[in-house]
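Peer 1: Encoded as structure tokens, here's the structure I'll be asking about.
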Amino acid sequence: VFGEIIPLYGDYADGFWDRSLKEMPGDYSKSFLFRSFRNSTVIATEQLPVESLEQDTSCHCGLDPQSPELQYPYFTCELGGGMMSSYHRRIHIYPMDVYAMALVRVGSGSNLPGYYMYHGGTNPQGKLTTLNEEQATPMTNYNDLPVKTYDFQAPLGEFGQVNGQYHLLRRFHLFLQDFGNELALMSPYFPEDAPTHPNDDTTLRWSTRHNGKSGFVFVNNYQRLKPLSKKEDVQFTIDLPENRLTFPDSPVSVPEGAAFFLPFNMQMGEANLIYATAQPIAQLTENNAQTFFFAQISGIPADFIFEQQGVFKNIPVGTKPAISFQDAPNHTINIVVLDETRSLALWKGEFAGKERIFLTDSELTWHNNETTFGVSQLWLTGVNTNDFSVAIYPAPETLKFENQPVKGQSDGLFTRFTVKIATAKLPKVRVKQIQAAGDLRKIAMGAANVAESPKDKDFEQAAVWQINLPKNTDANRDLYLQIPYTGDVARIYSENQFLTDNFFNGKVFELGLKRFAPEIYNNDLTLKILPLQKDAPIYFQQEGKIDFKGADSAIEVQTVNVYEKRQIILYK
């Protein structure tokens with residue numbers, strides 16, 4: 001009944017469930033178009049009936065403004081944070097697939113970007129059966145997924161790995177956290193010539209959200225598996241109730257693969273920012289100064305045009321305020337513009353009793369529960385490093401590491417704290433093939449009429465490698481195995497314990513060892529891989545396409561690498 005249940009929507013950049021073995025079947029490409037049409041026509045297409053796109057194609061905007069659907073808030077509870085590979089569709093997700101899709105949905109009116117999945121995981125051991133989805137199981141009967149892994153190529157991986165979209169989304173979420181209360185009240189608007197077909201690469205994809213005066217222009221020049229060309233001489237014209245705004249004053253070029261948003265008539269204290277050609281990230285008030293942090297869009301000069309304070313063109317990036325002025329007596333506005341790389345290293349959180357901005361290449365977590373820890377703590381985590389560095393604004397008066405004070409160094413507006421710890425030697429791992437692959441299995445078509453994944457008995461014909469881990473390895477070390485391989489399906493065992501598995505899609509197979517420590521160091525690991533068959537009815541992206549060199553199958557383990565996540569704790 002209308003008004004009793006708030007509808008929730010979603011979208012995905014690609015789907016393991018499609019029966020097609022073609023690239024980007026159905027409507028996945030439409031996930032990268034700004035439109036008011038809310039329903040997804042790509043979710044669970046093997047289970048749900050095909051949904052009509054008549055509303056979406058009847059006009060550039062999709063829905064009539066009086067449509068009952070538009071009377072609800074627009075919440076997207078299920079944006080694809082990544083995507084699993086099913087046996088018949090070996091999807092390889094890129095960070096921009098997730099970020100551009102999320103940005104497009106917010107630019108189309110969504111006020112709640114929720115994700116599935118945000119952190120990948122591992123299926124638990126079932127008592128009577130495995131708990132993965134598979135065609136042979138009557139309870140699902142849809143798709144064959146790996147038995148153990150549900151990594152989903154998510155922002156955070158199965159064993160806590162941090163993937164590229166995590167940083168892109170964090171930067172986006174910081175903006176939503178600080179400016180979302182204003183954005184949520186802004187309606188979406190779409191240009192009359194907005195592209196309605198994903199193959200249209202002549203017209204720039206953009207939308208506006210505004211409240212009649214101030215707002216944001218959202219731009220997306222990215223589409224999964226289809227490079228979009230650079231767009232020249234770009235300006236945006238927005239019809240507001242009292243005037244027409246066209247910006248920037250000098251046309252810009254939107255780079256290939258770019259996705260960003262720009263503010264107009266943005267209130268900064270008592271000052272009005274008419275427009276900026278840089279992307280807002282976060283803001284922080286300290287004493288009598290309000291500081292706004294922006295990201296420069298690669299290839300576009302950062303210009304800021306104010307109603308009273310004037311014009312600032314092509315301002316420099318860095319950690320110092322590039323613009324600083326008094327908007328009112330005893331009140332200062334600072335603007336810091338970071339380049340693309342540095343902006344993705346920006347974090348914001350509460351530490352030692354106040355909100356702060358952090359710049360660090362490390363993974364960052366903070367703990368403020370002084371009842372539990374006794375002090376406020378910053379945890380910095382890096383890969384294969386003994387150098388840790390974090391810049392903080394406003395800086396705490398003191399910061400310690402292992403009971404010793406850490407001296408801060410000035411870094412623009414920030415104070416940077418650097419700690420160097422002893423180098424750690426990575427354990428040596430030995431790999432030896434102990435069994436060649438046997439007869440190729442016959443790949444049957446399952447109940448859903450797509451290729452059926454191998455069963456336990458099929459792995460009796462697998463090629464087998466023995467992986468020797470040092471027996472005296474410290475169980476507290478956060479070590480990971482990386483296994484670049486070519487094959488069909490890989491599994492890892494520790495004696496009779498099935499740890500995890502992988503459907504080959506061109507990405508490196510990884511195993512986090514700490515989860516299974518210390519028992520995992522008492523036994524050698526067993527790696528089993530089935531050959532990839534040349535004529536298998538499986539969809540692969542470019543990364544998973546291999547040269548069979550005239551053979552009817554391929555299998556190879558290039559090497560096994562080890563890396564370590566190392567961590568330090570700073571505290572006040």
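Lettering and numbering for the structure tokens are positional, with chains as A, B, ... in the shown order, residues counted from 1 in each chain, and ligands counted from 1 in the shown order.
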Where in stretch 203-249 of chain A does DSSP assign strand (DSSP E), given as a PyMOL selection string?
Peer 2: chain A and resi 205-210+215-220+231-239+244-249
Peer 1: List the spatial neighbours of stretch 9-17 of chain A as a list in words - criterion: any atom at most 7 Å away, only C-alpha atoms, same-chain residues fewer than 2 positions off excluded.
Peer 2: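 So, after excluding close chain neighbours, the residues are Pro7, Arg19, Met24, Tyr28, Ser31, Arg38, Asn39, Ser40, Val42, Ile43, Ala44, Thr45, Glu46, Phe75, Thr76, Cys77, Glu78, Leu79, Gly80, Met83, Met84, Ser85, Ser86, Arg89, Ile91, Asp97, Val98, Met101 and Asn143 of chain A.
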Peer 1: How many Å lie between atom CA of A:Gln223 and atom CA of A:Arg209, rounded to one decimal?
Peer 2: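 We find that atom CA of A:Gln223 and atom CA of A:Arg209 lie 21.3 Å from each other.
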Peer 1: Can you pull out every residue within 12 Å of A:Pro241, counting only C-alpha atoms, but drop anything in the same chain fewer than 6 positions away, and send it as a compact mmCIF listing (two decimals) with N, CA, C and O atoms, in the first residue's frame?
Peer 2:
```txt
# COMPACT_ATOMS: atom_id res chain seq x y z
N HIS A 210 19.98 20.29 -6.84
CA HIS A 210 20.00 21.61 -6.21
C HIS A 210 18.67 21.88 -5.51
O HIS A 210 17.69 21.15 -5.69
N ASN A 211 18.67 22.92 -4.69
CA ASN A 211 17.49 23.30 -3.92
C ASN A 211 16.87 24.58 -4.42
O ASN A 211 16.09 25.22 -3.71
N GLY A 212 17.21 24.95 -5.64
CA GLY A 212 16.71 26.20 -6.21
C GLY A 212 17.75 27.29 -6.21
O GLY A 212 17.65 28.27 -6.97
N LYS A 213 18.79 27.12 -5.39
CA LYS A 213 19.87 28.11 -5.36
C LYS A 213 21.23 27.44 -5.42
O LYS A 213 22.01 27.69 -6.32
N SER A 214 21.49 26.57 -4.45
CA SER A 214 22.81 25.93 -4.38
C SER A 214 22.68 24.45 -4.71
O SER A 214 21.60 23.87 -4.63
```
